[in-house]
$ cat start_10.tsv   # TSV, C-alpha atoms
chain	number	residue	atom	x	y	z
A	23	MET	CA	-30.82	0.29	-9.54
A	24	GLU	CA	-29.68	2.55	-12.32
A	25	ILE	CA	-26.95	5.09	-11.70
A	26	LYS	CA	-27.75	8.29	-13.57
A	27	THR	CA	-24.94	10.50	-12.31
A	28	TRP	CA	-21.44	9.31	-11.44
A	29	HIS	CA	-20.00	10.72	-8.24
A	30	ASN	CA	-16.75	8.76	-8.10
A	31	ALA	CA	-14.63	11.90	-8.07
A	32	ALA	CA	-16.71	13.46	-5.28
A	33	PHE	CA	-16.24	10.39	-3.09
A	34	ALA	CA	-12.56	10.25	-4.03
A	35	TRP	CA	-12.09	13.79	-2.70
A	36	THR	CA	-13.30	12.64	0.72
A	37	GLY	CA	-10.26	10.33	0.82
A	38	PHE	CA	-7.89	13.26	0.18
A	39	LEU	CA	-9.73	15.39	2.74
A	40	ALA	CA	-9.63	12.60	5.37
A	41	VAL	CA	-5.83	12.36	5.11
A	42	ALA	CA	-5.35	16.14	4.95
A	43	SER	CA	-7.63	16.93	7.92
A	44	PHE	CA	-6.19	14.19	10.11
A	45	ALA	CA	-2.62	15.22	9.28
A	46	VAL	CA	-3.27	18.93	9.89
A	47	PHE	CA	-5.03	18.42	13.25
A	48	VAL	CA	-2.41	15.91	14.49
A	49	VAL	CA	0.47	18.21	13.50
A	50	ILE	CA	-1.20	21.11	15.35
A	51	ALA	CA	-1.73	18.83	18.40
A	52	MET	CA	1.94	17.79	18.29
A	53	ASN	CA	3.05	21.41	18.19
A	54	THR	CA	0.94	22.35	21.22
A	55	ASP	CA	2.64	19.62	23.30
A	56	PRO	CA	6.45	20.15	23.29
A	57	SER	CA	7.02	17.10	25.54
A	58	TRP	CA	5.57	14.71	22.91
A	59	VAL	CA	8.32	13.14	20.77
A	60	PHE	CA	7.49	11.96	17.23
A	61	GLY	CA	8.16	8.21	16.80
A	62	GLU	CA	8.90	7.67	20.50
A	63	ASP	CA	5.59	8.52	22.20
A	64	VAL	CA	2.33	6.80	21.23
A	65	PHE	CA	-0.32	8.95	19.57
A	66	SER	CA	-2.88	8.27	22.29
A	67	SER	CA	-0.65	10.07	24.82
A	68	LEU	CA	-1.60	13.28	22.96
A	69	ARG	CA	-4.97	12.85	24.68
A	70	ASN	CA	-3.48	12.90	28.18
A	71	HIS	CA	-3.81	16.66	28.55
A	72	ALA	CA	-6.49	19.01	29.75
A	73	ASN	CA	-5.43	21.69	27.29
A	74	ASP	CA	-5.95	22.19	23.54
A	75	THR	CA	-3.72	19.23	22.56
A	76	THR	CA	-6.47	16.71	23.36
A	77	ARG	CA	-9.07	18.82	21.56
A	78	TYR	CA	-6.99	19.10	18.38
A	79	PHE	CA	-6.14	15.39	18.35
A	80	ASP	CA	-9.80	14.43	18.95
A	81	ALA	CA	-10.87	16.77	16.14
A	82	GLY	CA	-8.39	15.04	13.78
A	83	CYS	CA	-9.70	11.59	14.74
A	84	ALA	CA	-13.37	12.61	14.42
A	85	VAL	CA	-13.13	14.52	11.13
A	86	GLY	CA	-10.61	12.12	9.56
A	87	GLY	CA	-12.57	9.06	10.71
A	88	LEU	CA	-15.94	10.30	9.44
A	89	LEU	CA	-14.49	11.37	6.07
A	90	LEU	CA	-12.81	7.96	5.80
A	91	THR	CA	-16.20	6.34	6.43
A	92	VAL	CA	-17.73	8.36	3.58
A	93	PHE	CA	-14.79	7.34	1.37
A	94	GLY	CA	-15.40	3.67	2.25
A	95	ILE	CA	-19.11	4.02	1.44
A	96	GLY	CA	-18.10	5.53	-1.91
A	97	ASN	CA	-15.98	2.47	-2.58
A	98	ILE	CA	-18.94	0.21	-1.77
A	99	LEU	CA	-21.19	2.16	-4.15
A	100	TYR	CA	-18.74	2.36	-7.05
A	101	HIS	CA	-17.00	-1.01	-6.97
A	102	ARG	CA	-15.84	-3.03	-9.95
A	103	ASN	CA	-15.90	-6.37	-8.10
A	104	GLN	CA	-16.85	-7.86	-4.74
A	105	ASP	CA	-13.32	-7.56	-3.30
A	106	GLN	CA	-13.34	-3.80	-3.78
A	107	ALA	CA	-16.78	-3.62	-2.13
A	108	ILE	CA	-15.52	-5.63	0.85
A	109	GLY	CA	-12.44	-3.39	1.05
A	110	GLY	CA	-14.70	-0.32	1.00
A	111	GLY	CA	-16.80	-1.76	3.82
A	112	LEU	CA	-13.71	-2.41	5.91
A	113	VAL	CA	-12.46	1.16	5.32
A	114	ALA	CA	-15.87	2.51	6.38
A	115	VAL	CA	-15.83	0.50	9.64
A	116	ALA	CA	-12.18	1.52	10.22
A	117	GLY	CA	-13.23	5.16	9.89
A	118	ILE	CA	-15.95	4.65	12.49
A	119	ALA	CA	-13.40	2.99	14.83
A	120	LEU	CA	-11.09	6.02	14.43
A	121	ALA	CA	-13.94	8.44	15.13
A	122	LEU	CA	-14.99	6.44	18.24
A	123	VAL	CA	-11.58	7.16	19.83
A	124	VAL	CA	-12.99	10.61	20.62
A	125	LEU	CA	-15.69	9.14	22.87
A	126	THR	CA	-13.23	7.22	25.06
A	127	PRO	CA	-11.97	8.77	28.32
A	128	THR	CA	-8.69	10.70	28.20
A	129	GLY	CA	-5.59	9.53	30.05
A	130	ALA	CA	-5.88	6.07	28.51
A	131	THR	CA	-3.82	3.08	29.56
A	132	PRO	CA	-3.21	0.10	27.20
A	133	GLU	CA	-6.19	-1.70	28.75
A	134	ASP	CA	-8.63	1.07	27.85
A	135	LEU	CA	-11.12	1.42	24.99
A	136	CYS	CA	-8.98	4.08	23.30
A	137	TYR	CA	-6.31	1.48	22.51
A	138	TYR	CA	-8.97	-1.03	21.50
A	139	PHE	CA	-10.42	1.34	18.89
A	140	GLY	CA	-6.93	2.33	17.71
A	141	HIS	CA	-5.90	-1.29	17.19
A	142	MET	CA	-9.24	-2.04	15.54
A	143	PHE	CA	-8.64	0.85	13.10
A	144	ALA	CA	-5.16	-0.48	12.21
A	145	LEU	CA	-6.37	-4.07	11.79
A	146	LEU	CA	-9.35	-3.11	9.61
A	147	MET	CA	-7.16	-0.86	7.42
A	148	LEU	CA	-4.69	-3.73	6.93
A	149	MET	CA	-7.53	-6.09	5.99
A	150	SER	CA	-8.91	-3.54	3.52
A	151	LEU	CA	-5.41	-3.20	2.00
A	152	ALA	CA	-5.43	-6.95	1.32
A	153	ALA	CA	-8.98	-6.85	-0.09
A	154	PHE	CA	-8.13	-3.90	-2.37
A	155	ALA	CA	-4.92	-5.59	-3.52
A	156	ILE	CA	-7.00	-8.50	-4.86
A	157	GLY	CA	-9.89	-6.34	-6.09
A	158	ASN	CA	-7.68	-3.88	-7.98
A	159	TRP	CA	-5.72	-6.72	-9.58
A	160	VAL	CA	-8.92	-8.37	-10.83
A	161	ALA	CA	-10.28	-4.99	-11.99
A	162	GLY	CA	-7.13	-4.41	-14.06
A	163	HIS	CA	-5.56	-1.69	-11.90
A	164	LYS	CA	-2.35	-3.69	-11.53
A	165	VAL	CA	-0.07	-0.92	-10.28
A	166	PHE	CA	-2.50	0.12	-7.54
A	167	ALA	CA	-2.86	-3.56	-6.59
A	168	GLY	CA	0.92	-3.97	-6.45
A	169	VAL	CA	1.36	-0.89	-4.25
A	170	SER	CA	-1.39	-2.19	-1.93
A	171	LEU	CA	0.48	-5.50	-1.68
A	172	ILE	CA	3.76	-3.74	-0.82
A	173	LEU	CA	2.12	-1.53	1.83
A	174	PHE	CA	0.19	-4.48	3.33
A	175	ALA	CA	3.31	-6.64	3.70
A	176	SER	CA	5.43	-3.78	5.06
A	177	GLY	CA	2.66	-2.91	7.55
A	178	ILE	CA	2.62	-6.49	8.87
A	179	ALA	CA	6.43	-6.44	9.07
A	180	ALA	CA	6.33	-3.13	10.99
A	181	ILE	CA	3.82	-4.49	13.51
A	182	MET	CA	6.01	-7.57	14.07
A	183	THR	CA	9.32	-5.73	14.48
A	184	PHE	CA	8.71	-2.15	15.66
A	185	ASP	CA	7.58	-1.03	19.10
A	186	LEU	CA	4.06	0.42	19.39
A	187	ALA	CA	4.98	4.09	18.94
A	188	LYS	CA	7.13	3.45	15.86
A	189	ALA	CA	4.60	1.01	14.36
A	190	GLU	CA	1.81	3.58	14.86
A	191	THR	CA	3.83	6.26	13.08
A	192	TYR	CA	4.78	3.94	10.22
A	193	GLY	CA	1.20	2.63	9.95
A	194	LEU	CA	-0.32	6.10	9.75
A	195	PHE	CA	2.29	7.05	7.13
A	196	ILE	CA	1.58	4.08	4.83
A	197	GLY	CA	-2.16	4.34	5.51
A	198	SER	CA	-2.15	7.97	4.38
A	199	ILE	CA	-0.21	7.12	1.22
A	200	TRP	CA	-2.62	4.31	0.46
A	201	VAL	CA	-5.81	6.36	0.95
A	202	VAL	CA	-4.40	9.06	-1.38
A	203	LEU	CA	-3.52	6.41	-4.00
A	204	GLU	CA	-6.95	4.78	-3.73
A	205	SER	CA	-8.56	8.21	-4.15
A	206	ILE	CA	-6.55	8.71	-7.34
A	207	ARG	CA	-7.60	5.24	-8.51
A	208	MET	CA	-11.23	6.04	-7.80
A	209	MET	CA	-11.00	9.21	-9.88
A	210	ILE	CA	-9.40	7.36	-12.79
A	211	GLU	CA	-12.05	4.64	-12.62
A	212	LYS	CA	-14.91	7.07	-13.08
A	213	THR	CA	-14.75	7.31	-16.85
A	214	GLU	CA	-14.06	3.60	-17.28
A	215	ILE	CA	-17.12	2.50	-15.32
A	216	GLY	CA	-19.28	5.20	-16.88
A	217	ARG	CA	-18.32	4.04	-20.35
A	218	VAL	CA	-18.73	0.27	-19.96
A	219	ALA	CA	-21.59	-0.07	-17.49
A	220	HIS	CA	-24.67	1.84	-16.43
A	221	THR	CA	-26.19	-0.23	-13.66
A	222	PHE	CA	-24.93	-1.79	-10.47
A	223	ASP	CA	-25.53	-5.24	-11.89
A	224	GLU	CA	-23.37	-4.51	-14.91
A	225	VAL	CA	-20.63	-3.12	-12.70
A	226	ARG	CA	-20.65	-6.34	-10.64
A	227	GLN	CA	-20.21	-8.43	-13.79
B	24	MET	CA	8.77	-11.87	-33.52
B	25	LYS	CA	11.78	-9.68	-32.82
B	26	ALA	CA	12.37	-8.81	-29.18
B	27	PRO	CA	11.81	-5.10	-28.45
B	28	ARG	CA	14.41	-2.90	-26.76
B	29	SER	CA	12.27	-2.81	-23.62
B	30	ALA	CA	12.72	-6.59	-23.30
B	31	ALA	CA	16.49	-6.16	-23.54
B	32	ALA	CA	16.30	-3.42	-20.91
B	33	GLY	CA	14.31	-5.78	-18.66
B	34	VAL	CA	16.93	-8.53	-19.03
B	35	VAL	CA	19.77	-6.11	-18.27
B	36	LEU	CA	18.01	-4.64	-15.22
B	37	GLY	CA	17.11	-8.09	-13.89
B	38	LEU	CA	20.66	-9.40	-14.31
B	39	LEU	CA	22.09	-6.24	-12.76
B	40	GLY	CA	19.75	-6.57	-9.77
B	41	GLY	CA	20.73	-10.21	-9.26
B	42	ILE	CA	24.45	-9.51	-9.59
B	43	LEU	CA	24.26	-6.54	-7.20
B	44	SER	CA	22.37	-8.66	-4.64
B	45	PHE	CA	25.12	-11.29	-4.82
B	46	ALA	CA	27.80	-8.60	-4.59
B	47	PHE	CA	26.19	-7.05	-1.50
B	48	MET	CA	25.94	-10.52	0.03
B	49	ALA	CA	29.65	-11.12	-0.55
B	50	PHE	CA	30.87	-7.70	0.62
B	51	LEU	CA	28.64	-7.43	3.70
B	52	PHE	CA	29.12	-11.01	4.90
B	53	GLU	CA	30.03	-11.33	8.56
B	54	ALA	CA	30.40	-14.75	10.09
B	55	GLY	CA	28.01	-15.27	13.00
B	56	THR	CA	24.66	-16.66	14.02
B	57	ASP	CA	22.79	-14.05	11.93
B	58	ALA	CA	24.76	-14.89	8.79
B	59	VAL	CA	22.33	-17.56	7.58
B	60	SER	CA	19.27	-15.29	7.54
B	61	GLU	CA	21.28	-12.40	6.06
B	62	VAL	CA	22.77	-14.54	3.26
B	63	GLY	CA	19.34	-16.12	2.66
B	64	SER	CA	17.74	-12.68	2.26
B	65	TYR	CA	20.27	-11.53	-0.35
B	66	MET	CA	20.05	-14.88	-2.18
B	67	LEU	CA	16.25	-14.71	-2.32
B	68	LEU	CA	16.47	-11.25	-3.86
B	69	ALA	CA	19.10	-12.48	-6.35
B	70	VAL	CA	16.97	-15.49	-7.37
B	71	LEU	CA	13.91	-13.28	-7.92
B	72	PHE	CA	15.92	-10.79	-10.02
B	73	PHE	CA	17.41	-13.56	-12.17
B	74	ALA	CA	13.94	-15.09	-12.63
B	75	ILE	CA	12.62	-11.71	-13.79
B	76	ALA	CA	15.56	-11.34	-16.21
B	77	GLY	CA	14.84	-14.79	-17.63
B	78	ALA	CA	11.16	-13.99	-18.10
B	79	PHE	CA	12.01	-11.28	-20.64
B	80	THR	CA	13.89	-13.70	-22.93
B	81	ALA	CA	12.55	-15.40	-26.07
B	82	ASN	CA	11.99	-18.82	-24.48
B	83	SER	CA	10.25	-17.62	-21.32
B	84	GLN	CA	6.84	-18.93	-20.29
B	85	TRP	CA	5.52	-16.13	-18.12
B	86	SER	CA	2.75	-13.84	-19.33
B	87	TRP	CA	2.83	-10.07	-18.75
B	88	ASP	CA	0.46	-10.43	-15.77
B	89	MET	CA	2.65	-13.05	-14.12
B	90	LEU	CA	5.85	-11.05	-14.62
B	91	LEU	CA	4.23	-7.88	-13.23
B	92	PHE	CA	3.07	-9.85	-10.19
B	93	MET	CA	6.57	-11.28	-9.66
B	94	SER	CA	8.06	-7.78	-9.95
B	95	PHE	CA	5.68	-6.44	-7.31
B	96	LEU	CA	6.45	-9.48	-5.17
B	97	THR	CA	10.18	-8.66	-5.43
B	98	ALA	CA	9.43	-5.04	-4.48
B	99	THR	CA	7.34	-6.24	-1.52
B	100	ILE	CA	10.11	-8.54	-0.31
B	101	SER	CA	12.67	-5.72	-0.66
B	102	VAL	CA	10.51	-3.38	1.44
B	103	VAL	CA	9.87	-6.05	4.08
B	104	PHE	CA	13.61	-6.84	4.29
B	105	LEU	CA	14.28	-3.11	4.73
B	106	VAL	CA	11.66	-2.80	7.49
B	107	VAL	CA	12.91	-5.83	9.44
B	108	GLU	CA	16.54	-4.78	8.72
B	109	ALA	CA	17.37	-8.14	7.12
B	110	VAL	CA	19.42	-6.39	4.42
B	111	ASP	CA	21.69	-3.35	4.36
B	112	LEU	CA	19.87	-0.02	3.82
B	113	TYR	CA	21.75	0.76	0.58
B	114	ALA	CA	21.27	-2.79	-0.76
B	115	GLY	CA	17.52	-2.61	-0.09
B	116	VAL	CA	17.15	0.83	-1.66
B	117	ILE	CA	19.15	-0.24	-4.75
B	118	ALA	CA	17.00	-3.38	-5.07
B	119	LEU	CA	13.88	-1.21	-4.85
B	120	VAL	CA	15.18	1.19	-7.51
B	121	MET	CA	16.02	-1.74	-9.81
B	122	VAL	CA	12.63	-3.37	-9.40
B	123	ALA	CA	10.85	-0.02	-9.87
B	124	SER	CA	12.77	0.39	-13.15
B	125	ILE	CA	11.71	-3.13	-14.19
B	126	ILE	CA	8.06	-2.28	-13.42
B	127	ALA	CA	8.41	0.92	-15.49
B	128	VAL	CA	9.81	-1.15	-18.38
B	129	LEU	CA	6.96	-3.64	-18.00
B	130	LEU	CA	4.34	-0.91	-18.26
B	131	SER	CA	5.51	0.04	-21.75
B	132	PRO	CA	3.18	-1.24	-24.52
B	133	SER	CA	6.02	-3.01	-26.38
B	134	SER	CA	6.81	-5.13	-23.29
B	135	ARG	CA	3.20	-6.17	-23.00
B	136	ILE	CA	2.99	-7.14	-26.69
B	137	TRP	CA	6.27	-9.09	-26.39
B	138	LEU	CA	5.29	-10.99	-23.23
B	139	ASP	CA	1.71	-11.72	-24.32
B	140	ARG	CA	2.74	-12.93	-27.79
B	141	PRO	CA	1.34	-16.31	-28.89
B	142	ARG	CA	3.74	-19.09	-27.94
B	143	ILE	CA	3.95	-22.58	-29.42
$ encode --input "start_10.tsv" --output "structure tokens"
Amino acid sequence: MEIKTWHNAAFAWTGFLAVASFAVFVVIAMNTDPSWVFGEDVFSSLRNHANDTTRYFDAGCAVGGLLLTVFGIGNILYHRNQDQAIGGGLVAVAGIALALVVLTPTGATPEDLCYYFGHMFALLMLMSLAAFAIGNWVAGHKVFAGVSLILFASGIAAIMTFDLAKAETYGLFIGSIWVVLESIRMMIEKTEIGRVAHTFDEVRQ
Amino acid sequence: MKAPRSAAAGVVLGLLGGILSFAFMAFLFEAGTDAVSEVGSYMLLAVLFFAIAGAFTANSQWSWDMLLFMSFLTATISVVFLVVEAVDLYAGVIALVMVASIIAVLLSPSSRIWLDRPRI
């Protein structure tokens, strides 16, 4: 298949928009629930209300998750090596897992599907961090690979040491930083791929 | 080939990072059951910093790629130690600043030419 027009930058913008939309909706949800304490209460407890808090949080998960899926698909389409493609696939599935949180019943307990999808999202994002760390290193984007390595290791350390609420907060923070950095990397890569290769097969080589 | 100034800066930053790690270990030492892990954390950071300093010298064997990887590894270990509170907050932040400076030095073209020079 021959790529005639390069849309790296367009797909990269979906990464920025995913982070921005999720952050905006979650901040609005936090502000509508004064009893919710940042870093002490788990994010899923924002869904335990019948008022607008649940609606805003669900909107953040749905919009952020779907945009993250599009961003992951962009990474699959415009990869420099197989590791980046695998990482893109994992990000896409993680986005779907985040969006599926909306479909779970409110008032979730740790045994419910809401937690399952939340943990699945975190696990898949961590796995994609590892895949992108290798893929970016091989593709020559050493700094982006190094930052992915740092965020991956600190995420694992946070899961092992922090309680759930703190680990969630830290994970969303480093995840947001990473998606923004990967979006920047994707924008930078546009001209490089366009110059050296014109087909998917050439990109794979 | 004459060593560039960036290589000298890398050596100085690496040595400084190692010495500061040792200094923090000495000043913050408290005898107890946690002392072994705490001392081990500072010593690991010191060893990595000294290794990075040595890699900038004329007789080193590491390529630019390898040194960049080791620098990122040091940064990763610093962040992990900060997250699990294995080192003091100020010691961890200073280690991170030092290693970020080393990475900045490494990204200069003269460092890359120096480290990827043909060796006998």
$ closest_residue --input "start_10.tsv" --among "B:Pro141, B:Ala58, B:Phe95, B:Phe104" --to "chain A" --atoms "only C-alpha atoms"
B:Phe95
$ residues_around --input "start_10.tsv" --residues "Thr191 (chain A)" --least-positions-apart "3" --cutoff "9 Å" --atoms "all atoms listed in the file" --output "PyMOL selection string"
chain A and resi 60-61+64-65+186-188+194-196
$ atom_distance --input "start_10.tsv" --atom1 "CA of Tyr100 (chain A)" --atom2 "CA of Leu39 (chain A)"
18.6 Å
$ interface_residues --input "start_10.tsv" --of "chain B" --to "chain A" --cutoff "9 Å" --atoms "all atoms listed in the file" --output "PyMOL selection string"
chain B and resi 88+91-92+94-96+98-100+102-107+126
$ write_last_selection --input "start_10.tsv" --atoms "C-alpha atoms" --output "short mmCIF file (atom, residue, chain, number, x, y, z; two decimals), in the frame of the given file"
data_model
loop_
_atom_site.label_atom_id
_atom_site.label_comp_id
_atom_site.auth_asym_id
_atom_site.auth_seq_id
_atom_site.Cartn_x
_atom_site.Cartn_y
_atom_site.Cartn_z
CA ASP B 88 0.46 -10.43 -15.77
CA LEU B 91 4.23 -7.88 -13.23
CA PHE B 92 3.07 -9.85 -10.19
CA SER B 94 8.06 -7.78 -9.95
CA PHE B 95 5.68 -6.44 -7.31
CA LEU B 96 6.45 -9.48 -5.17
CA ALA B 98 9.43 -5.04 -4.48
CA THR B 99 7.34 -6.24 -1.52
CA ILE B 100 10.11 -8.54 -0.31
CA VAL B 102 10.51 -3.38 1.44
CA VAL B 103 9.87 -6.05 4.08
CA PHE B 104 13.61 -6.84 4.29
CA LEU B 105 14.28 -3.11 4.73
CA VAL B 106 11.66 -2.80 7.49
CA VAL B 107 12.91 -5.83 9.44
CA ILE B 126 8.06 -2.28 -13.42
#
$ atom_distance --input "start_10.tsv" --atom1 "CA of Gly94 (chain A)" --atom2 "CA of Gly111 (chain A)"
5.8 Å
$ atom_distance --input "start_10.tsv" --atom1 "CA of Ile108 (chain A)" --atom2 "CA of Ile181 (chain A)"
23.1 Å
$ residues_around --input "start_10.tsv" --residues "region 68-75 of chain B" --least-positions-apart "3" --cutoff "9 Å" --atoms "all atoms listed in the file" --output "VMD selection string"
chain B and resid 33 to 34 36 to 45 63 to 65 78 to 79 90 93 to 94 96 to 97 100 to 101 118 122 125
$ closest_residue --input "start_10.tsv" --among "B:Met121, B:Ile136, B:Ala114, B:Ala76" --to "Ala49 (chain B)" --atoms "only C-alpha atoms"
B:Ala114
$ residues_around --input "start_10.tsv" --residues "Leu112 (chain A)" --least-positions-apart "3" --cutoff "6 Å" --atoms "only C-alpha atoms" --output "MDAnalysis selection string"
chainID A and resid 109 115 146 150
$ residues_around --input "start_10.tsv" --residues "Ala116 (chain A)" --least-positions-apart "5" --cutoff "8 Å" --atoms "all atoms listed in the file" --output "MDAnalysis selection string"
chainID A and resid 87 90:91 142:144 146:147
$ residues_around --input "start_10.tsv" --residues "Phe139 (chain A)" --least-positions-apart "3" --cutoff "10 Å" --atoms "all atoms listed in the file" --output "list in words"
Ala116, Ile118, Ala119, Leu120, Ala121, Leu122, Val123, Val124, Thr126, Asp134, Leu135, Cys136, Met142, Phe143, Ala144 and Leu145 of chain A
$ write_last_selection --input "start_10.tsv" --atoms "C-alpha atoms" --output "PDB file, in the coordinates of the input"
ATOM      1  CA  ALA A 116     -12.180   1.520  10.220  1.00  0.00           C
ATOM      2  CA  ILE A 118     -15.950   4.650  12.490  1.00  0.00           C
ATOM      3  CA  ALA A 119     -13.400   2.990  14.830  1.00  0.00           C
ATOM      4  CA  LEU A 120     -11.090   6.020  14.430  1.00  0.00           C
ATOM      5  CA  ALA A 121     -13.940   8.440  15.130  1.00  0.00           C
ATOM      6  CA  LEU A 122     -14.990   6.440  18.240  1.00  0.00           C
ATOM      7  CA  VAL A 123     -11.580   7.160  19.830  1.00  0.00           C
ATOM      8  CA  VAL A 124     -12.990  10.610  20.620  1.00  0.00           C
ATOM      9  CA  THR A 126     -13.230   7.220  25.060  1.00  0.00           C
ATOM     10  CA  ASP A 134      -8.630   1.070  27.850  1.00  0.00           C
ATOM     11  CA  LEU A 135     -11.120   1.420  24.990  1.00  0.00           C
ATOM     12  CA  CYS A 136      -8.980   4.080  23.300  1.00  0.00           C
ATOM     13  CA  MET A 142      -9.240  -2.040  15.540  1.00  0.00           C
ATOM     14  CA  PHE A 143      -8.640   0.850  13.100  1.00  0.00           C
ATOM     15  CA  ALA A 144      -5.160  -0.480  12.210  1.00  0.00           C
ATOM     16  CA  LEU A 145      -6.370  -4.070  11.790  1.00  0.00           C
TER      17      LEU A 145
END
$ closest_residue --input "start_10.tsv" --among "A:Ala189, A:Leu148, A:Met208, A:Val201" --to "Asp63 (chain A)" --atoms "all atoms listed in the file"
A:Ala189
$ residues_near_point --input "start_10.tsv" --point "(-11.7, -4.5, -4.1)" --cutoff "9 Å" --atoms "all atoms listed in the file" --output "MDAnalysis selection string"
chainID A and resid 97:98 101:110 150:161
$ decode --input "start_10.tsv" --residues "region 124-130 of chain B" --atoms "all heavy atoms" --output "PDB file, in the first residue's frame"
ATOM      1  N   SER B 124      21.673  17.167  33.294  1.00  0.00           N
ATOM      2  CA  SER B 124      22.763  17.983  32.726  1.00  0.00           C
ATOM      3  C   SER B 124      23.692  17.112  31.884  1.00  0.00           C
ATOM      4  O   SER B 124      24.143  17.528  30.809  1.00  0.00           O
ATOM      5  CB  SER B 124      23.569  18.656  33.838  1.00  0.00           C
ATOM      6  OG  SER B 124      22.711  19.261  34.747  1.00  0.00           O
ATOM      7  N   ILE B 125      23.976  15.903  32.373  1.00  0.00           N
ATOM      8  CA  ILE B 125      24.845  14.981  31.624  1.00  0.00           C
ATOM      9  C   ILE B 125      24.191  14.611  30.291  1.00  0.00           C
ATOM     10  O   ILE B 125      24.851  14.580  29.246  1.00  0.00           O
ATOM     11  CB  ILE B 125      25.154  13.720  32.468  1.00  0.00           C
ATOM     12  CG1 ILE B 125      26.085  14.075  33.627  1.00  0.00           C
ATOM     13  CG2 ILE B 125      25.783  12.620  31.606  1.00  0.00           C
ATOM     14  CD1 ILE B 125      26.216  13.001  34.677  1.00  0.00           C
ATOM     15  N   ILE B 126      22.872  14.360  30.313  1.00  0.00           N
ATOM     16  CA  ILE B 126      22.161  14.026  29.070  1.00  0.00           C
ATOM     17  C   ILE B 126      22.208  15.215  28.108  1.00  0.00           C
ATOM     18  O   ILE B 126      22.418  15.042  26.899  1.00  0.00           O
ATOM     19  CB  ILE B 126      20.701  13.601  29.371  1.00  0.00           C
ATOM     20  CG1 ILE B 126      20.695  12.236  30.070  1.00  0.00           C
ATOM     21  CG2 ILE B 126      19.868  13.515  28.089  1.00  0.00           C
ATOM     22  CD1 ILE B 126      19.381  11.841  30.691  1.00  0.00           C
ATOM     23  N   ALA B 127      22.055  16.429  28.646  1.00  0.00           N
ATOM     24  CA  ALA B 127      22.147  17.634  27.803  1.00  0.00           C
ATOM     25  C   ALA B 127      23.526  17.735  27.169  1.00  0.00           C
ATOM     26  O   ALA B 127      23.660  18.068  25.980  1.00  0.00           O
ATOM     27  CB  ALA B 127      21.827  18.869  28.638  1.00  0.00           C
ATOM     28  N   VAL B 128      24.571  17.457  27.950  1.00  0.00           N
ATOM     29  CA  VAL B 128      25.949  17.474  27.425  1.00  0.00           C
ATOM     30  C   VAL B 128      26.106  16.420  26.329  1.00  0.00           C
ATOM     31  O   VAL B 128      26.713  16.664  25.282  1.00  0.00           O
ATOM     32  CB  VAL B 128      26.966  17.234  28.571  1.00  0.00           C
ATOM     33  CG1 VAL B 128      28.342  16.902  28.023  1.00  0.00           C
ATOM     34  CG2 VAL B 128      27.035  18.440  29.481  1.00  0.00           C
ATOM     35  N   LEU B 129      25.523  15.240  26.591  1.00  0.00           N
ATOM     36  CA  LEU B 129      25.641  14.132  25.628  1.00  0.00           C
ATOM     37  C   LEU B 129      24.970  14.439  24.300  1.00  0.00           C
ATOM     38  O   LEU B 129      25.380  13.921  23.263  1.00  0.00           O
ATOM     39  CB  LEU B 129      24.983  12.881  26.217  1.00  0.00           C
ATOM     40  CG  LEU B 129      25.869  11.949  27.015  1.00  0.00           C
ATOM     41  CD1 LEU B 129      25.023  10.857  27.629  1.00  0.00           C
ATOM     42  CD2 LEU B 129      26.927  11.329  26.123  1.00  0.00           C
ATOM     43  N   LEU B 130      23.934  15.263  24.326  1.00  0.00           N
ATOM     44  CA  LEU B 130      23.195  15.552  23.099  1.00  0.00           C
ATOM     45  C   LEU B 130      23.903  16.572  22.215  1.00  0.00           C
ATOM     46  O   LEU B 130      23.454  16.837  21.101  1.00  0.00           O
ATOM     47  CB  LEU B 130      21.772  16.030  23.441  1.00  0.00           C
ATOM     48  CG  LEU B 130      20.863  14.957  24.055  1.00  0.00           C
ATOM     49  CD1 LEU B 130      19.535  15.554  24.462  1.00  0.00           C
ATOM     50  CD2 LEU B 130      20.642  13.800  23.092  1.00  0.00           C
TER      51      LEU B 130
END
